[in-house]
$ cat run-v3.pdb   # PDB, C-alpha atoms, pLDDT in the B column
ATOM      1  CA  MET W   1      95.493  66.643 109.770  1.00 66.00           C
ATOM      2  CA  LEU W   2      96.889  66.213 106.258  1.00 71.00           C
ATOM      3  CA  VAL W   3      93.539  67.220 104.697  1.00 76.00           C
ATOM      4  CA  PHE W   4      93.424  70.373 106.833  1.00 73.00           C
ATOM      5  CA  LEU W   5      96.964  71.286 105.757  1.00 69.00           C
ATOM      6  CA  VAL W   6      96.189  70.747 102.064  1.00 69.00           C
ATOM      7  CA  VAL W   7      92.949  72.779 102.270  1.00 73.00           C
ATOM      8  CA  THR W   8      94.769  75.589 104.102  1.00 74.00           C
ATOM      9  CA  ILE W   9      97.500  75.695 101.452  1.00 68.00           C
ATOM     10  CA  LEU W  10      94.888  75.771  98.659  1.00 66.00           C
ATOM     11  CA  ILE W  11      92.947  78.601 100.313  1.00 69.00           C
ATOM     12  CA  LEU W  12      96.110  80.642 100.878  1.00 61.00           C
ATOM     13  CA  SER W  13      97.244  80.020  97.285  1.00 64.00           C
ATOM     14  CA  LEU W  14      93.892  81.118  95.873  1.00 59.00           C
ATOM     15  CA  SER W  15      93.781  84.234  98.047  1.00 60.00           C
ATOM     16  CA  ALA W  16      97.292  85.267  96.943  1.00 59.00           C
ATOM     17  CA  ALA W  17      96.725  84.471  93.262  1.00 62.00           C
ATOM     18  CA  GLN W  18      95.567  87.159  90.907  1.00 66.00           C
ATOM     19  CA  ILE W  19      92.033  86.647  89.624  1.00 72.00           C
ATOM     20  CA  ARG W  20      91.034  87.985  86.212  1.00 75.00           C
ATOM     21  CA  VAL W  21      87.637  89.588  85.992  1.00 81.00           C
ATOM     22  CA  GLY W  22      86.055  90.546  82.659  1.00 85.00           C
ATOM     23  CA  LEU W  23      83.712  93.496  82.346  1.00 85.00           C
ATOM     24  CA  ASN W  24      81.438  94.377  79.424  1.00 89.00           C
ATOM     25  CA  PHE W  25      79.568  97.698  79.544  1.00 87.00           C
ATOM     26  CA  TYR W  26      77.237  98.731  76.714  1.00 88.00           C
ATOM     27  CA  LEU W  27      75.218 101.936  76.599  1.00 84.00           C
ATOM     28  CA  ASN W  28      72.914 103.405  73.968  1.00 83.00           C
ATOM     29  CA  LEU W  29      72.851 107.087  74.936  1.00 78.00           C
ATOM     30  CA  PHE W  30      69.997 108.107  72.629  1.00 78.00           C
ATOM     31  CA  GLY W  31      67.821 105.239  73.832  1.00 82.00           C
ATOM     32  CA  ASN W  32      69.094 105.616  77.435  1.00 85.00           C
ATOM     33  CA  ASP W  33      69.457 101.886  77.920  1.00 87.00           C
ATOM     34  CA  GLY W  34      72.265  99.400  78.175  1.00 88.00           C
ATOM     35  CA  PHE W  35      73.728  96.591  80.212  1.00 90.00           C
ATOM     36  CA  ILE W  36      76.697  95.590  82.301  1.00 89.00           C
ATOM     37  CA  LYS W  37      78.082  92.048  82.440  1.00 90.00           C
ATOM     38  CA  ILE W  38      80.789  90.720  84.748  1.00 87.00           C
ATOM     39  CA  TYR W  39      82.703  87.542  83.948  1.00 87.00           C
ATOM     40  CA  LEU W  40      84.872  85.437  86.254  1.00 82.00           C
ATOM     41  CA  PHE W  41      87.139  82.943  84.477  1.00 77.00           C
ATOM     42  CA  GLY W  42      85.080  83.509  81.321  1.00 80.00           C
ATOM     43  CA  ILE W  43      81.779  82.595  83.009  1.00 85.00           C
ATOM     44  CA  ARG W  44      79.156  85.323  83.347  1.00 88.00           C
ATOM     45  CA  VAL W  45      78.428  85.862  87.042  1.00 88.00           C
ATOM     46  CA  PHE W  46      76.454  89.126  86.855  1.00 89.00           C
ATOM     47  CA  HIS W  47      74.147  90.799  84.332  1.00 91.00           C
ATOM     48  CA  ALA W  48      72.209  94.011  84.897  1.00 91.00           C
ATOM     49  CA  ALA W  49      70.398  96.665  82.890  1.00 92.00           C
ATOM     50  CA  VAL W  50      71.676 100.247  83.155  1.00 90.00           C
ATOM     51  CA  HIS W  51      70.337 103.694  82.322  1.00 88.00           C
ATOM     52  CA  PHE W  52      70.824 107.317  83.348  1.00 87.00           C
ATOM     53  CA  GLU W  53      68.373 109.397  85.370  1.00 88.00           C
ATOM     54  CA  HIS W  54      68.158 112.879  86.837  1.00 82.00           C
ATOM     55  CA  ASP W  55      66.496 112.683  90.264  1.00 78.00           C
ATOM     56  CA  GLU W  56      64.499 115.196  92.317  1.00 78.00           C
ATOM     57  CA  GLU W  57      67.647 116.257  94.204  1.00 74.00           C
ATOM     58  CA  LYS W  58      69.117 117.398  90.872  1.00 75.00           C
ATOM     59  CA  ARG W  59      71.731 114.645  90.797  1.00 78.00           C
ATOM     60  CA  ASN W  60      72.706 112.685  87.729  1.00 83.00           C
ATOM     61  CA  ASN W  61      72.721 108.961  88.432  1.00 85.00           C
ATOM     62  CA  LEU W  62      73.646 105.740  86.716  1.00 85.00           C
ATOM     63  CA  VAL W  63      70.894 103.291  87.664  1.00 88.00           C
ATOM     64  CA  ILE W  64      71.798  99.583  87.737  1.00 89.00           C
ATOM     65  CA  GLU W  65      68.816  97.189  87.760  1.00 91.00           C
ATOM     66  CA  HIS W  66      69.370  93.510  88.492  1.00 88.00           C
ATOM     67  CA  GLY W  67      66.084  91.607  88.661  1.00 85.00           C
ATOM     68  CA  LYS W  68      63.864  93.400  91.165  1.00 86.00           C
ATOM     69  CA  LYS W  69      66.808  95.156  92.833  1.00 89.00           C
ATOM     70  CA  SER W  70      67.974  98.593  91.800  1.00 86.00           C
ATOM     71  CA  GLY W  71      71.019 100.652  92.794  1.00 87.00           C
ATOM     72  CA  LYS W  72      72.269 104.121  91.924  1.00 87.00           C
ATOM     73  CA  ILE W  73      75.738 105.520  91.383  1.00 85.00           C
ATOM     74  CA  HIS W  74      75.862 109.299  91.724  1.00 83.00           C
ATOM     75  CA  LEU W  75      77.837 110.864  88.888  1.00 80.00           C
ATOM     76  CA  ASN W  76      79.761 113.448  90.900  1.00 77.00           C
ATOM     77  CA  THR W  77      83.163 113.892  92.517  1.00 75.00           C
ATOM     78  CA  ASP W  78      81.992 114.509  96.086  1.00 77.00           C
ATOM     79  CA  VAL W  79      84.072 112.197  98.307  1.00 75.00           C
ATOM     80  CA  LYS W  80      81.630 112.663 101.219  1.00 80.00           C
ATOM     81  CA  ASP W  81      78.775 111.260  99.131  1.00 80.00           C
ATOM     82  CA  LYS W  82      79.036 107.493  99.762  1.00 80.00           C
ATOM     83  CA  LYS W  83      77.336 106.620  96.447  1.00 82.00           C
ATOM     84  CA  SER W  84      79.509 108.886  94.270  1.00 81.00           C
ATOM     85  CA  ILE W  85      82.127 107.643  91.841  1.00 77.00           C
ATOM     86  CA  ALA W  86      84.894 109.471  93.740  1.00 74.00           C
ATOM     87  CA  ALA W  87      83.997 107.757  97.025  1.00 77.00           C
ATOM     88  CA  MET W  88      83.894 104.356  95.325  1.00 77.00           C
ATOM     89  CA  LEU W  89      87.323 104.848  93.766  1.00 71.00           C
ATOM     90  CA  LYS W  90      88.760 105.681  97.209  1.00 74.00           C
ATOM     91  CA  ASN W  91      87.598 102.279  98.443  1.00 70.00           C
ATOM     92  CA  PRO W  92      90.622 100.071  99.273  1.00 66.00           C
ATOM     93  CA  ALA W  93      89.233  97.294  97.062  1.00 65.00           C
ATOM     94  CA  PHE W  94      89.464  99.557  93.979  1.00 69.00           C
ATOM     95  CA  GLU W  95      92.960 100.794  94.876  1.00 68.00           C
ATOM     96  CA  ASN W  96      94.393  97.297  94.428  1.00 68.00           C
ATOM     97  CA  MET W  97      92.775  96.467  91.116  1.00 73.00           C
ATOM     98  CA  LEU W  98      95.123  96.084  88.182  1.00 76.00           C
ATOM     99  CA  VAL W  99      93.556  97.126  84.883  1.00 77.00           C
ATOM    100  CA  GLU W 100      95.137  94.864  82.277  1.00 80.00           C
ATOM    101  CA  LYS W 101      93.166  95.595  79.107  1.00 84.00           C
ATOM    102  CA  VAL W 102      90.508  98.035  77.932  1.00 85.00           C
ATOM    103  CA  SER W 103      88.785  97.800  74.588  1.00 88.00           C
ATOM    104  CA  ALA W 104      86.271 100.474  73.635  1.00 88.00           C
ATOM    105  CA  HIS W 105      84.027 100.855  70.609  1.00 90.00           C
ATOM    106  CA  PHE W 106      82.089 104.051  69.931  1.00 89.00           C
ATOM    107  CA  THR W 107      79.384 104.427  67.315  1.00 90.00           C
ATOM    108  CA  ALA W 108      77.853 107.831  66.596  1.00 88.00           C
ATOM    109  CA  GLY W 109      75.719 109.291  63.873  1.00 88.00           C
ATOM    110  CA  ARG W 110      72.905 111.584  62.869  1.00 87.00           C
ATOM    111  CA  THR W 111      70.712 111.117  59.837  1.00 87.00           C
ATOM    112  CA  ASN W 112      71.935 113.163  56.843  1.00 87.00           C
ATOM    113  CA  ASP W 113      74.265 115.336  58.945  1.00 87.00           C
ATOM    114  CA  SER W 114      77.864 114.276  58.398  1.00 88.00           C
ATOM    115  CA  PHE W 115      79.365 117.371  60.083  1.00 91.00           C
ATOM    116  CA  PHE W 116      77.497 116.699  63.338  1.00 89.00           C
ATOM    117  CA  THR W 117      78.408 113.001  63.144  1.00 90.00           C
ATOM    118  CA  ILE W 118      82.130 113.668  62.790  1.00 90.00           C
ATOM    119  CA  ALA W 119      82.110 116.467  65.393  1.00 90.00           C
ATOM    120  CA  LEU W 120      80.344 114.195  67.890  1.00 88.00           C
ATOM    121  CA  LEU W 121      82.697 111.300  67.192  1.00 90.00           C
ATOM    122  CA  GLN W 122      85.782 113.497  67.605  1.00 90.00           C
ATOM    123  CA  SER W 123      84.398 114.877  70.871  1.00 89.00           C
ATOM    124  CA  MET W 124      83.922 111.325  72.102  1.00 88.00           C
ATOM    125  CA  ARG W 125      87.503 110.549  71.076  1.00 90.00           C
ATOM    126  CA  VAL W 126      88.867 113.500  73.095  1.00 90.00           C
ATOM    127  CA  LEU W 127      86.772 112.560  76.143  1.00 86.00           C
ATOM    128  CA  PHE W 128      87.856 108.931  75.937  1.00 87.00           C
ATOM    129  CA  TYR W 129      91.555 109.809  75.714  1.00 87.00           C
ATOM    130  CA  SER W 130      91.299 112.285  78.589  1.00 83.00           C
ATOM    131  CA  PHE W 131      89.474 109.689  80.707  1.00 81.00           C
ATOM    132  CA  MET W 132      91.971 106.932  79.900  1.00 82.00           C
ATOM    133  CA  ALA W 133      95.134 109.062  80.390  1.00 81.00           C
ATOM    134  CA  PRO W 134      95.227 108.623  84.207  1.00 77.00           C
ATOM    135  CA  VAL W 135      94.475 104.910  83.825  1.00 75.00           C
ATOM    136  CA  LYS W 136      97.327 104.540  81.319  1.00 78.00           C
ATOM    137  CA  CYS W 137      99.689 106.415  83.673  1.00 76.00           C
ATOM    138  CA  ARG W 138      98.772 104.321  86.715  1.00 71.00           C
ATOM    139  CA  TYR W 139      98.648 100.879  85.123  1.00 72.00           C
ATOM    140  CA  SER W 140     100.501  99.164  82.326  1.00 76.00           C
ATOM    141  CA  VAL W 141      97.286  98.723  80.393  1.00 81.00           C
ATOM    142  CA  ASP W 142      96.676  97.665  76.814  1.00 84.00           C
ATOM    143  CA  ILE W 143      94.084 100.064  75.341  1.00 87.00           C
ATOM    144  CA  THR W 144      92.377  99.533  71.991  1.00 89.00           C
ATOM    145  CA  GLU W 145      89.627 101.721  70.641  1.00 91.00           C
ATOM    146  CA  SER W 146      87.543 102.247  67.531  1.00 92.00           C
ATOM    147  CA  PHE W 147      85.273 105.090  66.462  1.00 91.00           C
ATOM    148  CA  THR W 148      82.645 104.309  63.819  1.00 91.00           C
ATOM    149  CA  PRO W 149      80.576 107.017  62.093  1.00 92.00           C
ATOM    150  CA  VAL W 150      77.034 106.157  60.955  1.00 90.00           C
ATOM    151  CA  TYR W 151      75.415 108.581  58.521  1.00 89.00           C
ATOM    152  CA  ASN W 152      71.991 107.052  57.882  1.00 88.00           C
ATOM    153  CA  ARG W 153      70.463 106.880  61.400  1.00 86.00           C
ATOM    154  CA  ASP W 154      70.532 108.574  64.787  1.00 86.00           C
ATOM    155  CA  VAL W 155      72.812 106.539  67.034  1.00 86.00           C
ATOM    156  CA  LEU W 156      75.130 107.153  69.971  1.00 86.00           C
ATOM    157  CA  GLN W 157      76.474 103.942  71.494  1.00 87.00           C
ATOM    158  CA  THR W 158      79.476 102.915  73.523  1.00 87.00           C
ATOM    159  CA  ASP W 159      80.749  99.450  74.320  1.00 87.00           C
ATOM    160  CA  PHE W 160      83.578  98.804  76.819  1.00 84.00           C
ATOM    161  CA  ILE W 161      85.268  95.484  77.443  1.00 86.00           C
ATOM    162  CA  GLY W 162      87.912  95.304  80.156  1.00 85.00           C
ATOM    163  CA  ILE W 163      90.042  92.764  81.950  1.00 81.00           C
ATOM    164  CA  ILE W 164      90.843  93.537  85.576  1.00 79.00           C
ATOM    165  CA  GLY W 165      93.228  91.638  87.816  1.00 77.00           C
ATOM    166  CA  ILE W 166      92.470  91.474  91.529  1.00 73.00           C
ATOM    167  CA  SER W 167      94.155  89.725  94.434  1.00 69.00           C
ATOM    168  CA  ILE W 168      92.001  88.888  97.446  1.00 69.00           C
ATOM    169  CA  ALA W 169      95.032  89.018  99.748  1.00 68.00           C
ATOM    170  CA  ASP W 170      95.915  92.573  98.606  1.00 66.00           C
ATOM    171  CA  ILE W 171      92.320  93.706  99.160  1.00 67.00           C
ATOM    172  CA  ILE W 172      92.229  92.226 102.671  1.00 71.00           C
ATOM    173  CA  VAL W 173      95.560  93.850 103.617  1.00 70.00           C
ATOM    174  CA  SER W 174      94.505  97.266 102.266  1.00 70.00           C
ATOM    175  CA  CYS W 175      91.131  97.064 104.071  1.00 70.00           C
ATOM    176  CA  ILE W 176      92.927  96.326 107.348  1.00 76.00           C
ATOM    177  CA  LYS W 177      95.300  99.248 106.725  1.00 74.00           C
ATOM    178  CA  SER W 178      92.329 101.509 106.018  1.00 72.00           C
ATOM    179  CA  ILE W 179      90.609 100.458 109.261  1.00 76.00           C
ATOM    180  CA  PHE W 180      93.757 101.122 111.299  1.00 76.00           C
ATOM    181  CA  LYS W 181      94.207 104.480 109.563  1.00 75.00           C
ATOM    182  CA  GLN W 182      90.621 105.506 110.391  1.00 74.00           C
ATOM    183  CA  THR W 183      90.949 104.478 114.042  1.00 77.00           C
ATOM    184  CA  ASN W 184      94.242 106.381 114.364  1.00 74.00           C
ATOM    185  CA  ASN W 185      92.661 109.494 112.813  1.00 71.00           C
ATOM    186  CA  THR W 186      89.704 109.361 115.228  1.00 72.00           C
ATOM    187  CA  ARG W 187      92.068 108.921 118.197  1.00 72.00           C
ATOM    188  CA  LYS W 188      94.137 111.928 117.069  1.00 70.00           C
ATOM    189  CA  GLN W 189      90.961 114.017 116.738  1.00 69.00           C
ATOM    190  CA  GLU W 190      89.827 112.966 120.238  1.00 70.00           C
ATOM    191  CA  VAL W 191      93.239 113.850 121.701  1.00 67.00           C
ATOM    192  CA  ALA W 192      93.194 117.217 119.911  1.00 68.00           C
ATOM    193  CA  ARG W 193      89.757 118.040 121.381  1.00 69.00           C
ATOM    194  CA  THR W 194      90.842 117.385 124.980  1.00 63.00           C
TER     195      THR W 194
END
$ encode --input "run-v3.pdb" --output "C-alpha coordinates"
Amino acid sequence: MLVFLVVTILILSLSAAQIRVGLNFYLNLFGNDGFIKIYLFGIRVFHAAVHFEHDEEKRNNLVIEHGKKSGKIHLNTDVKDKKSIAAMLKNPAFENMLVEKVSAHFTAGRTNDSFFTIALLQSMRVLFYSFMAPVKCRYSVDITESFTPVYNRDVLQTDFIGIIGISIADIIVSCIKSIFKQTNNTRKQEVART
(Lines of atoms letter the chains of each structure in order from A and count residues from 1; the text may use other names and numbers.)
(Lines give C-alpha, C1' and ligand atoms only; values in the text may rest on other atoms or scores of the structure.)
Protein backbone atom coordinates (compact mmCIF):
# COMPACT_ATOMS: atom_id res chain seq x y z
CA MET A 1 0.00 0.00 0.00
CA LEU A 2 2.85 2.37 0.86
CA VAL A 3 4.56 1.68 -2.50
CA PHE A 4 1.33 2.45 -4.37
CA LEU A 5 0.95 5.73 -2.47
CA VAL A 6 4.55 6.78 -3.18
CA VAL A 7 4.25 5.90 -6.89
CA THR A 8 0.96 7.80 -7.13
CA ILE A 9 2.49 10.89 -5.52
CA LEU A 10 5.50 10.72 -7.88
CA ILE A 11 3.28 10.40 -10.96
CA LEU A 12 1.08 13.30 -9.86
CA SER A 13 4.15 15.43 -9.08
CA LEU A 14 5.69 14.73 -12.48
CA SER A 15 2.45 15.45 -14.32
CA ALA A 16 2.05 18.80 -12.52
CA ALA A 17 5.70 19.82 -12.91
CA GLN A 18 6.78 21.91 -15.84
CA ILE A 19 8.98 20.05 -18.30
CA ARG A 20 11.54 21.96 -20.37
CA VAL A 21 11.85 20.93 -23.98
CA GLY A 22 14.65 22.21 -26.22
CA LEU A 23 14.16 22.70 -29.94
CA ASN A 24 16.83 23.29 -32.59
CA PHE A 25 15.68 24.08 -36.14
CA TYR A 26 18.21 24.68 -38.92
CA LEU A 27 17.35 25.42 -42.54
CA ASN A 28 19.51 26.20 -45.56
CA LEU A 29 17.02 27.90 -47.89
CA PHE A 30 19.24 27.91 -50.99
CA GLY A 31 20.05 24.23 -50.57
CA ASN A 32 16.49 23.44 -49.40
CA ASP A 33 17.68 21.16 -46.63
CA GLY A 34 17.89 21.27 -42.87
CA PHE A 35 17.06 19.46 -39.68
CA ILE A 36 14.99 19.64 -36.54
CA LYS A 37 16.14 18.29 -33.17
CA ILE A 38 14.10 18.00 -29.98
CA TYR A 39 15.75 17.67 -26.59
CA LEU A 40 14.20 16.58 -23.29
CA PHE A 41 16.29 17.37 -20.20
CA GLY A 42 19.24 18.02 -22.52
CA ILE A 43 19.04 14.58 -24.16
CA ARG A 44 18.16 14.43 -27.85
CA VAL A 45 14.94 12.46 -28.27
CA PHE A 46 14.10 13.30 -31.90
CA HIS A 47 16.07 14.15 -35.04
CA ALA A 48 14.61 14.61 -38.51
CA ALA A 49 15.57 16.10 -41.86
CA VAL A 50 13.40 18.92 -43.21
CA HIS A 51 12.87 20.59 -46.58
CA PHE A 52 10.23 22.57 -48.45
CA GLU A 53 8.16 21.29 -51.37
CA HIS A 54 5.38 22.53 -53.61
CA ASP A 55 2.95 19.66 -54.27
CA GLU A 56 0.55 18.92 -57.14
CA GLU A 57 -2.33 20.56 -55.24
CA LYS A 58 -0.37 23.83 -55.33
CA ARG A 59 0.30 23.82 -51.59
CA ASN A 60 3.57 24.78 -49.98
CA ASN A 61 4.66 22.19 -47.44
CA LEU A 62 7.36 21.67 -44.87
CA VAL A 63 8.35 18.01 -45.20
CA ILE A 64 9.75 16.30 -42.09
CA GLU A 65 11.56 12.99 -42.74
CA HIS A 66 12.47 10.74 -39.82
CA GLY A 67 14.01 7.47 -41.01
CA LYS A 68 11.61 5.93 -43.50
CA LYS A 69 8.65 7.97 -42.24
CA SER A 70 7.68 11.29 -43.76
CA GLY A 71 5.13 13.92 -42.70
CA LYS A 72 3.99 17.23 -44.16
CA ILE A 73 2.95 20.49 -42.56
CA HIS A 74 0.91 22.68 -44.89
CA LEU A 75 2.13 26.27 -44.82
CA ASN A 76 -1.25 28.02 -44.81
CA THR A 77 -3.68 29.58 -42.35
CA ASP A 78 -6.72 27.44 -43.16
CA VAL A 79 -8.08 26.21 -39.81
CA LYS A 80 -10.18 23.52 -41.55
CA ASP A 81 -7.04 21.95 -43.03
CA LYS A 82 -5.93 19.52 -40.29
CA LYS A 83 -2.28 19.61 -41.42
CA SER A 84 -1.99 23.41 -41.57
CA ILE A 85 0.00 25.50 -39.13
CA ALA A 86 -3.14 27.36 -38.01
CA ALA A 87 -4.95 24.13 -37.13
CA MET A 88 -1.92 22.86 -35.20
CA LEU A 89 -1.67 26.06 -33.17
CA LYS A 90 -5.35 25.73 -32.20
CA ASN A 91 -4.56 22.33 -30.68
CA PRO A 92 -5.02 22.45 -26.87
CA ALA A 93 -1.52 21.02 -26.38
CA PHE A 94 0.03 24.08 -28.09
CA GLU A 95 -2.17 26.54 -26.18
CA ASN A 96 -0.56 25.54 -22.88
CA MET A 97 3.06 25.70 -23.98
CA LEU A 98 5.16 28.39 -22.36
CA VAL A 99 7.89 29.71 -24.65
CA GLU A 100 10.76 30.63 -22.33
CA LYS A 101 13.62 31.44 -24.69
CA VAL A 102 14.18 31.86 -28.42
CA SER A 103 17.58 32.33 -29.99
CA ALA A 104 17.80 32.87 -33.74
CA HIS A 105 20.77 33.23 -36.06
CA PHE A 106 20.38 34.30 -39.68
CA THR A 107 23.12 34.16 -42.28
CA ALA A 108 22.57 35.63 -45.75
CA GLY A 109 24.76 36.56 -48.65
CA ARG A 110 25.28 36.71 -52.37
CA THR A 111 28.63 36.59 -54.10
CA ASN A 112 29.95 40.09 -54.92
CA ASP A 113 26.59 41.79 -54.33
CA SER A 114 26.64 43.65 -51.03
CA PHE A 115 23.42 45.60 -51.71
CA PHE A 116 21.41 42.41 -52.24
CA THR A 117 23.03 40.83 -49.17
CA ILE A 118 22.10 43.72 -46.88
CA ALA A 119 18.61 44.09 -48.38
CA LEU A 120 17.94 40.37 -47.88
CA LEU A 121 19.27 40.43 -44.33
CA GLN A 122 17.15 43.46 -43.41
CA SER A 123 14.08 41.80 -44.92
CA MET A 124 14.76 38.74 -42.79
CA ARG A 125 15.10 41.00 -39.75
CA VAL A 126 11.69 42.62 -40.40
CA LEU A 127 10.03 39.22 -40.94
CA PHE A 128 11.59 37.80 -37.79
CA TYR A 129 10.46 40.74 -35.63
CA SER A 130 6.94 40.63 -37.07
CA PHE A 131 6.76 36.87 -36.45
CA MET A 132 8.08 37.15 -32.89
CA ALA A 133 5.91 40.15 -31.87
CA PRO A 134 2.82 38.03 -31.01
CA VAL A 135 5.03 35.51 -29.19
CA LYS A 136 6.63 38.31 -27.15
CA CYS A 137 3.17 39.73 -26.31
CA ARG A 138 1.75 36.37 -25.23
CA TYR A 139 4.71 35.01 -23.28
CA SER A 140 7.42 36.52 -21.14
CA VAL A 141 10.08 35.24 -23.50
CA ASP A 142 13.77 36.01 -23.73
CA ILE A 143 14.58 36.60 -27.43
CA THR A 144 18.11 36.90 -28.79
CA GLU A 145 18.96 37.20 -32.45
CA SER A 146 21.90 37.79 -34.75
CA PHE A 147 22.08 38.64 -38.44
CA THR A 148 25.35 37.87 -40.24
CA PRO A 149 26.11 39.09 -43.77
CA VAL A 150 28.35 36.95 -46.00
CA TYR A 151 29.74 38.63 -49.11
CA ASN A 152 31.83 35.91 -50.75
CA ARG A 153 29.28 33.09 -51.31
CA ASP A 154 25.60 32.46 -51.92
CA VAL A 155 24.03 31.51 -48.60
CA LEU A 156 20.67 31.85 -46.89
CA GLN A 157 20.49 29.97 -43.59
CA THR A 158 18.48 30.19 -40.41
CA ASP A 159 19.05 28.49 -37.09
CA PHE A 160 16.51 28.59 -34.23
CA ILE A 161 17.06 27.32 -30.72
CA GLY A 162 14.17 27.49 -28.28
CA ILE A 163 13.26 26.37 -24.80
CA ILE A 164 9.61 25.51 -24.23
CA GLY A 165 7.96 24.72 -20.92
CA ILE A 166 5.05 22.29 -20.89
CA SER A 167 2.94 20.82 -18.11
CA ILE A 168 1.29 17.46 -18.77
CA ALA A 169 -1.50 18.26 -16.29
CA ASP A 170 -2.36 21.53 -18.11
CA ILE A 171 -2.45 19.71 -21.46
CA ILE A 172 -4.76 17.00 -20.10
CA VAL A 173 -7.13 19.57 -18.55
CA SER A 174 -7.27 21.66 -21.75
CA CYS A 175 -7.88 18.54 -23.89
CA ILE A 176 -10.80 17.57 -21.64
CA LYS A 177 -12.18 21.11 -21.87
CA SER A 178 -11.87 20.99 -25.65
CA ILE A 179 -13.73 17.67 -25.82
CA PHE A 180 -16.56 19.00 -23.64
CA LYS A 181 -16.72 22.17 -25.73
CA GLN A 182 -17.00 20.16 -28.97
CA THR A 183 -19.74 17.91 -27.57
CA ASN A 184 -21.70 20.94 -26.32
CA ASN A 185 -21.39 22.62 -29.74
CA THR A 186 -22.66 19.49 -31.54
CA ARG A 187 -25.59 19.20 -29.10
CA LYS A 188 -26.51 22.87 -29.67
CA GLN A 189 -26.38 22.33 -33.45
CA GLU A 190 -28.62 19.24 -33.15
CA VAL A 191 -31.12 21.15 -30.99
CA ALA A 192 -31.11 24.05 -33.46
CA ARG A 193 -31.88 21.68 -36.37
CA THR A 194 -34.93 20.15 -34.66
$ resolve_selection --input "run-v3.pdb" --expression "the PyMOL selection byres ((chain W and resi 38) around 10)" --output "MDAnalysis selection string"
chainID W and resid 21:25 36:37 39:40 42:48 161:163
$ atom_distance --input "run-v3.pdb" --atom1 "atom CA of Pro134 of chain W" --atom2 "atom CA of Arg20 of chain W"
21.2 Å
$ closest_residue --input "run-v3.pdb" --among "W:Leu29, W:Ile73, W:Val99, W:Val50" --to "Ala87 of chain W" --atoms "all atoms listed in the file"
W:Ile73
$ residues_around --input "run-v3.pdb" --residues "Gly31 of chain W" --least-positions-apart "3" --cutoff "12 Å" --atoms "all atoms listed in the file" --output "ChimeraX atom specification"
/W:26-28,34,50-52,154-158
$ axis_aligned_box --input "run-v3.pdb" --around "segment 56-59 of chain W" --padding-each-side "3 Å" --output "AutoDock Vina command-line options"
--center_x 68.1 --center_y 116.0 --center_z 92.5 --size_x 13.2 --size_y 8.8 --size_z 9.4
$ residues_near_point --input "run-v3.pdb" --point "(72.0, 108.0, 63.3)" --cutoff "12 Å" --atoms "all atoms listed in the file" --output "MDAnalysis selection string"
chainID W and resid 28:31 107:114 116:118 120:121 148:157
$ write_last_selection --input "run-v3.pdb" --atoms "C-alpha atoms" --output "PDB file, keeping the file's coordinate frame"
ATOM      1  CA  ASN W  28      72.914 103.405  73.968  1.00 83.00           C
ATOM      2  CA  LEU W  29      72.851 107.087  74.936  1.00 78.00           C
ATOM      3  CA  PHE W  30      69.997 108.107  72.629  1.00 78.00           C
ATOM      4  CA  GLY W  31      67.821 105.239  73.832  1.00 82.00           C
ATOM      5  CA  THR W 107      79.384 104.427  67.315  1.00 90.00           C
ATOM      6  CA  ALA W 108      77.853 107.831  66.596  1.00 88.00           C
ATOM      7  CA  GLY W 109      75.719 109.291  63.873  1.00 88.00           C
ATOM      8  CA  ARG W 110      72.905 111.584  62.869  1.00 87.00           C
ATOM      9  CA  THR W 111      70.712 111.117  59.837  1.00 87.00           C
ATOM     10  CA  ASN W 112      71.935 113.163  56.843  1.00 87.00           C
ATOM     11  CA  ASP W 113      74.265 115.336  58.945  1.00 87.00           C
ATOM     12  CA  SER W 114      77.864 114.276  58.398  1.00 88.00           C
ATOM     13  CA  PHE W 116      77.497 116.699  63.338  1.00 89.00           C
ATOM     14  CA  THR W 117      78.408 113.001  63.144  1.00 90.00           C
ATOM     15  CA  ILE W 118      82.130 113.668  62.790  1.00 90.00           C
ATOM     16  CA  LEU W 120      80.344 114.195  67.890  1.00 88.00           C
ATOM     17  CA  LEU W 121      82.697 111.300  67.192  1.00 90.00           C
ATOM     18  CA  THR W 148      82.645 104.309  63.819  1.00 91.00           C
ATOM     19  CA  PRO W 149      80.576 107.017  62.093  1.00 92.00           C
ATOM     20  CA  VAL W 150      77.034 106.157  60.955  1.00 90.00           C
ATOM     21  CA  TYR W 151      75.415 108.581  58.521  1.00 89.00           C
ATOM     22  CA  ASN W 152      71.991 107.052  57.882  1.00 88.00           C
ATOM     23  CA  ARG W 153      70.463 106.880  61.400  1.00 86.00           C
ATOM     24  CA  ASP W 154      70.532 108.574  64.787  1.00 86.00           C
ATOM     25  CA  VAL W 155      72.812 106.539  67.034  1.00 86.00           C
ATOM     26  CA  LEU W 156      75.130 107.153  69.971  1.00 86.00           C
ATOM     27  CA  GLN W 157      76.474 103.942  71.494  1.00 87.00           C
TER      28      GLN W 157
END
$ atom_distance --input "run-v3.pdb" --atom1 "atom CA of Asn91 of chain W" --atom2 "atom CA of Lys72 of chain W"
16.8 Å
$ residues_around --input "run-v3.pdb" --residues "Arg125 of chain W" --least-positions-apart "4" --cutoff "10 Å" --atoms "all atoms listed in the file" --output "list in words"
Phe106, Ala119, Leu120, Leu121, Tyr129, Ser130, Phe131, Glu145, Ser146 and Phe147 of chain W
$ atom_distance --input "run-v3.pdb" --atom1 "atom CA of Met124 of chain W" --atom2 "atom CA of Asp33 of chain W"
18.2 Å
$ closest_residue --input "run-v3.pdb" --among "W:Ser140, W:Thr8, W:Asn76, W:Ser174" --to "Met88 of chain W" --atoms "all atoms listed in the file"
W:Asn76
$ resolve_selection --input "run-v3.pdb" --expression "the PyMOL selection byres ((chain W and resi 66) around 7)" --output "ChimeraX atom specification"
/W:47-49,64-65,67-70
$ closest_residue --input "run-v3.pdb" --among "W:Leu62, W:Met132, W:Ile179, W:Ile19" --to "Gly165 of chain W" --atoms "only C-alpha atoms"
W:Ile19
$ closest_residue --input "run-v3.pdb" --among "W:Asp81, W:Asp142, W:Asp55, W:Glu190" --to "Ser103 of chain W" --atoms "all atoms listed in the file"
W:Asp142
